[in-house]
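Down below is the structure, laid out as structure tokens.
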Amino acid sequence: MSNVLLQAEARRLPVHERFYSWQGEGCHAGRAAFFIRLYGCPVQCPWCDSAGTWHTDYIPRDIARLAPDELLREAVASSASFVVITGGEPAIHDLSDLTTAIRERGLACHIETSGAFPIQGTFDWITVSPKWHKLPLRETIRKADELKLIVEHGTSIADWLDWLGDDLCAEHVWLHPEWSQRNNPRVLEAINQVVRERGDPFRAGYQLHKLYQVDEQDPRSRPPAPLGGKPALVEGR
């Protein structure tokens with residue numbers, strides 16, 4: 001295979017799904033967005049809501065490897081206000097070619113990452129949602145435009161604030177109930193208490209797109225796998 005073909009193949013990315021929706025979380029919630037969800041994640045949280053990107057029981061048979069220009073064409077055609085690259089864990093891939101192509105067409109490019117791997121590419125907005133299963137890089141935490149802390153139990157927020165220390169410098173810090181715990185009164189009260197007592201930069205968060213089921217309205221999106229790939233993990237209980 002020629003060097004040109006090898007380079008072209010290297011630029012392709014494993015895409016779990018891509019779809020036109022709107023951002024359901026964070027500072028850009030409610031805005032039309034084109035999502036590119038990449039395949040693969042070494043972090044593998046037990047309550048992951050994108051387990052189809054890594055769990056052996058839910059890996060799709062058809063993982064497309066798409067070139068940046070193919071993804072760009074779909075993003076532009078969608079009329080989205082911006083592009084969100086997510087996963088899985090998108091930062092395990094070199095995103096430089098994709099982000100360059102997106103930004104050269106005048107679209108803003110966002111990333112949602114655990115922060116555990118160096119970010120390769122240029123982004124207009126960085127959302128870091130740190131995970132205990134593979135802790136984030138300190139330099140990535142400091143680059144974040146917003147943090148999204150997942151509240152699994154009553155002490156989650158205090159545990160993260162203790163670990164973050166002086167690196168808690170993002171202008172916006174969202175406190176999200178872990179989805180299977182979204183009706184847990186201890187989790188909700190922990191979020192309520194921090195927001196009421198400490199104010200900015202803390203904000204109560206939620207995954208609004210799940211209430212509207214908007215992602216599923218694009219046929220390119222895949223049916224979600226069970227949280228963490230565990231059918232026994234009953235959502236909301």
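In the structure tokens, each chain is lettered A, B, ... as it comes, each chain's residues begin at 1, and ligands are numbered from 1 in order of appearance.
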
8 Å contact set for stretch 89-106 of chain A, only C-alpha atoms, chain neighbours under 6 positions out, as a ChimeraX atom specification
/A:11,13,37-43,68-69,72,83,112-115,117-123

For those residues, write N, CA and C atoms to a file as a tab-separated table (two decimals), in the first residue's frame.
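As written to disk, out-v4.tsv reads:
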```
chain	number	residue	atom	x	y	z
A	11	ARG	N	-5.99	8.50	8.93
A	11	ARG	CA	-6.81	9.64	9.30
A	11	ARG	C	-8.24	9.22	9.64
A	13	LEU	N	-11.40	7.51	11.45
A	13	LEU	CA	-11.70	7.32	12.86
A	13	LEU	C	-12.81	6.30	13.04
A	37	ARG	N	-19.82	10.31	17.93
A	37	ARG	CA	-19.45	9.46	19.06
A	37	ARG	C	-18.46	8.40	18.57
A	38	LEU	N	-17.24	8.50	19.05
A	38	LEU	CA	-16.19	7.60	18.61
A	38	LEU	C	-16.18	6.32	19.45
A	39	TYR	N	-15.69	5.27	18.80
A	39	TYR	CA	-15.65	3.96	19.45
A	39	TYR	C	-14.40	3.81	20.31
A	40	GLY	N	-14.53	3.12	21.43
A	40	GLY	CA	-13.40	2.76	22.27
A	40	GLY	C	-13.34	3.57	23.55
A	41	CYS	N	-13.12	2.87	24.67
A	41	CYS	CA	-12.94	3.56	25.96
A	41	CYS	C	-12.26	2.64	26.95
A	42	PRO	N	-11.04	2.98	27.38
A	42	PRO	CA	-10.35	2.19	28.39
A	42	PRO	C	-10.86	2.45	29.82
A	43	VAL	N	-11.67	3.48	30.02
A	43	VAL	CA	-12.10	3.85	31.38
A	43	VAL	C	-13.20	2.91	31.88
A	68	PRO	N	-12.17	12.36	8.01
A	68	PRO	CA	-12.64	13.68	8.47
A	68	PRO	C	-13.55	14.38	7.47
A	69	ASP	N	-13.26	14.28	6.16
A	69	ASP	CA	-14.11	14.98	5.19
A	69	ASP	C	-15.50	14.37	5.12
A	72	LEU	N	-17.28	15.70	8.16
A	72	LEU	CA	-17.53	17.13	7.98
A	72	LEU	C	-18.73	17.36	7.08
A	83	VAL	N	-20.24	21.23	16.51
A	83	VAL	CA	-20.00	19.79	16.48
A	83	VAL	C	-19.46	19.37	17.85
A	112	GLU	N	-16.10	16.25	24.63
A	112	GLU	CA	-16.50	15.78	25.95
A	112	GLU	C	-15.60	14.60	26.29
A	113	THR	N	-14.82	14.74	27.34
A	113	THR	CA	-13.78	13.77	27.65
A	113	THR	C	-13.67	13.56	29.16
A	114	SER	N	-13.14	12.39	29.52
A	114	SER	CA	-12.85	12.13	30.94
A	114	SER	C	-11.62	12.89	31.40
A	115	GLY	N	-10.81	13.36	30.45
A	115	GLY	CA	-9.59	14.08	30.79
A	115	GLY	C	-8.42	13.18	31.11
A	117	PHE	N	-6.63	11.35	29.11
A	117	PHE	CA	-5.66	11.21	28.03
A	117	PHE	C	-5.41	12.59	27.41
A	118	PRO	N	-4.20	12.83	26.90
A	118	PRO	CA	-3.91	14.13	26.27
A	118	PRO	C	-4.84	14.38	25.09
A	119	ILE	N	-5.33	15.60	24.98
A	119	ILE	CA	-6.23	15.97	23.89
A	119	ILE	C	-5.41	16.35	22.66
A	120	GLN	N	-5.70	15.69	21.54
A	120	GLN	CA	-5.01	15.96	20.28
A	120	GLN	C	-6.01	16.61	19.33
A	121	GLY	N	-5.82	17.87	19.07
A	121	GLY	CA	-6.74	18.63	18.24
A	121	GLY	C	-6.98	20.00	18.87
A	122	THR	N	-7.64	20.87	18.10
A	122	THR	CA	-7.93	22.22	18.57
A	122	THR	C	-9.43	22.37	18.77
A	123	PHE	N	-9.83	22.77	19.97
A	123	PHE	CA	-11.24	22.81	20.32
A	123	PHE	C	-11.64	24.20	20.81
```

So which residues touch A:Leu233 within 12 Å, counting only C-alpha atoms, skipping near sequence neighbours fewer than 5 positions away, as a PyMOL selection string?
chain A and resi 46-49+179-181+225-228

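Atom CA of A:Ser21 is positioned 26.0 Å from atom CA of A:Phe202.
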
Taking only C-alpha atoms into account, which of A:Leu107, A:Asp215, A:Leu164, A:Thr56 comes nearest A:Leu135?
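Closest to A:Leu135, using only C-alpha atoms: A:Leu164.
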
Name the residues in contact with A:His153 at a cut-off of 10 Å, using only C-alpha atoms, excluding same-chain residues fewer than 5 positions from it; report them as a list in words.
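After dropping sequence-adjacent residues, the list is Pro177, Glu178, Gln181, Asn184, Pro185, Arg186, Val187, Leu188 and Ala190 of chain A.
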
Dump of N, CA and C atoms for the selected residues, as a PDB file, in the first residue's frame:
```pdb
ATOM      1  N   PRO A 177     -26.448  14.100  38.622  1.00  0.00           N
ATOM      2  CA  PRO A 177     -26.720  12.797  39.225  1.00  0.00           C
ATOM      3  C   PRO A 177     -26.370  11.684  38.241  1.00  0.00           C
ATOM      4  N   GLU A 178     -25.656  10.670  38.705  1.00  0.00           N
ATOM      5  CA  GLU A 178     -25.441   9.478  37.876  1.00  0.00           C
ATOM      6  C   GLU A 178     -26.822   8.947  37.497  1.00  0.00           C
ATOM      7  N   GLN A 181     -29.108   6.943  39.475  1.00  0.00           N
ATOM      8  CA  GLN A 181     -29.353   7.509  40.803  1.00  0.00           C
ATOM      9  C   GLN A 181     -30.099   8.840  40.737  1.00  0.00           C
ATOM     10  N   ASN A 184     -32.500   9.325  43.478  1.00  0.00           N
ATOM     11  CA  ASN A 184     -31.991   9.046  44.824  1.00  0.00           C
ATOM     12  C   ASN A 184     -31.999  10.342  45.640  1.00  0.00           C
ATOM     13  N   PRO A 185     -32.786  10.423  46.710  1.00  0.00           N
ATOM     14  CA  PRO A 185     -32.878  11.690  47.449  1.00  0.00           C
ATOM     15  C   PRO A 185     -31.554  12.135  48.050  1.00  0.00           C
ATOM     16  N   ARG A 186     -30.688  11.214  48.421  1.00  0.00           N
ATOM     17  CA  ARG A 186     -29.390  11.602  48.994  1.00  0.00           C
ATOM     18  C   ARG A 186     -28.506  12.259  47.940  1.00  0.00           C
ATOM     19  N   VAL A 187     -28.532  11.717  46.737  1.00  0.00           N
ATOM     20  CA  VAL A 187     -27.754  12.302  45.642  1.00  0.00           C
ATOM     21  C   VAL A 187     -28.293  13.688  45.291  1.00  0.00           C
ATOM     22  N   LEU A 188     -29.597  13.797  45.170  1.00  0.00           N
ATOM     23  CA  LEU A 188     -30.189  15.082  44.804  1.00  0.00           C
ATOM     24  C   LEU A 188     -29.978  16.129  45.893  1.00  0.00           C
ATOM     25  N   ALA A 190     -27.508  16.224  48.019  1.00  0.00           N
ATOM     26  CA  ALA A 190     -26.091  16.609  48.020  1.00  0.00           C
ATOM     27  C   ALA A 190     -25.829  17.694  46.986  1.00  0.00           C
TER      28      ALA A 190
END
```

If we count only C-alpha atoms, what is near A:Trp160 at a cut-off of 10 Å, once residues fewer than 6 positions away on the same chain are taken out, given as a PDB file with N, CA and C atoms, in the first residue's frame?
```
ATOM      1  N   PRO A 130     -14.491  14.050  34.947  1.00  0.00           N
ATOM      2  CA  PRO A 130     -13.494  13.126  35.493  1.00  0.00           C
ATOM      3  C   PRO A 130     -14.132  11.860  36.045  1.00  0.00           C
ATOM      4  N   LYS A 131     -13.378  10.774  35.971  1.00  0.00           N
ATOM      5  CA  LYS A 131     -13.856   9.479  36.438  1.00  0.00           C
ATOM      6  C   LYS A 131     -12.820   8.857  37.377  1.00  0.00           C
ATOM      7  N   TRP A 132     -13.306   8.216  38.415  1.00  0.00           N
ATOM      8  CA  TRP A 132     -12.407   7.585  39.380  1.00  0.00           C
ATOM      9  C   TRP A 132     -11.685   6.385  38.785  1.00  0.00           C
ATOM     10  N   LEU A 149     -19.128  16.928  37.116  1.00  0.00           N
ATOM     11  CA  LEU A 149     -18.873  15.934  38.158  1.00  0.00           C
ATOM     12  C   LEU A 149     -20.088  15.026  38.282  1.00  0.00           C
ATOM     13  N   ILE A 150     -19.854  13.722  38.183  1.00  0.00           N
ATOM     14  CA  ILE A 150     -20.936  12.744  38.285  1.00  0.00           C
ATOM     15  C   ILE A 150     -21.112  12.379  39.756  1.00  0.00           C
ATOM     16  N   VAL A 151     -22.314  12.587  40.245  1.00  0.00           N
ATOM     17  CA  VAL A 151     -22.613  12.351  41.660  1.00  0.00           C
ATOM     18  C   VAL A 151     -23.255  10.973  41.788  1.00  0.00           C
ATOM     19  N   LEU A 168      -9.417  23.118  40.783  1.00  0.00           N
ATOM     20  CA  LEU A 168     -10.828  23.431  40.558  1.00  0.00           C
ATOM     21  C   LEU A 168     -10.918  24.885  40.099  1.00  0.00           C
TER      22      LEU A 168
END
```
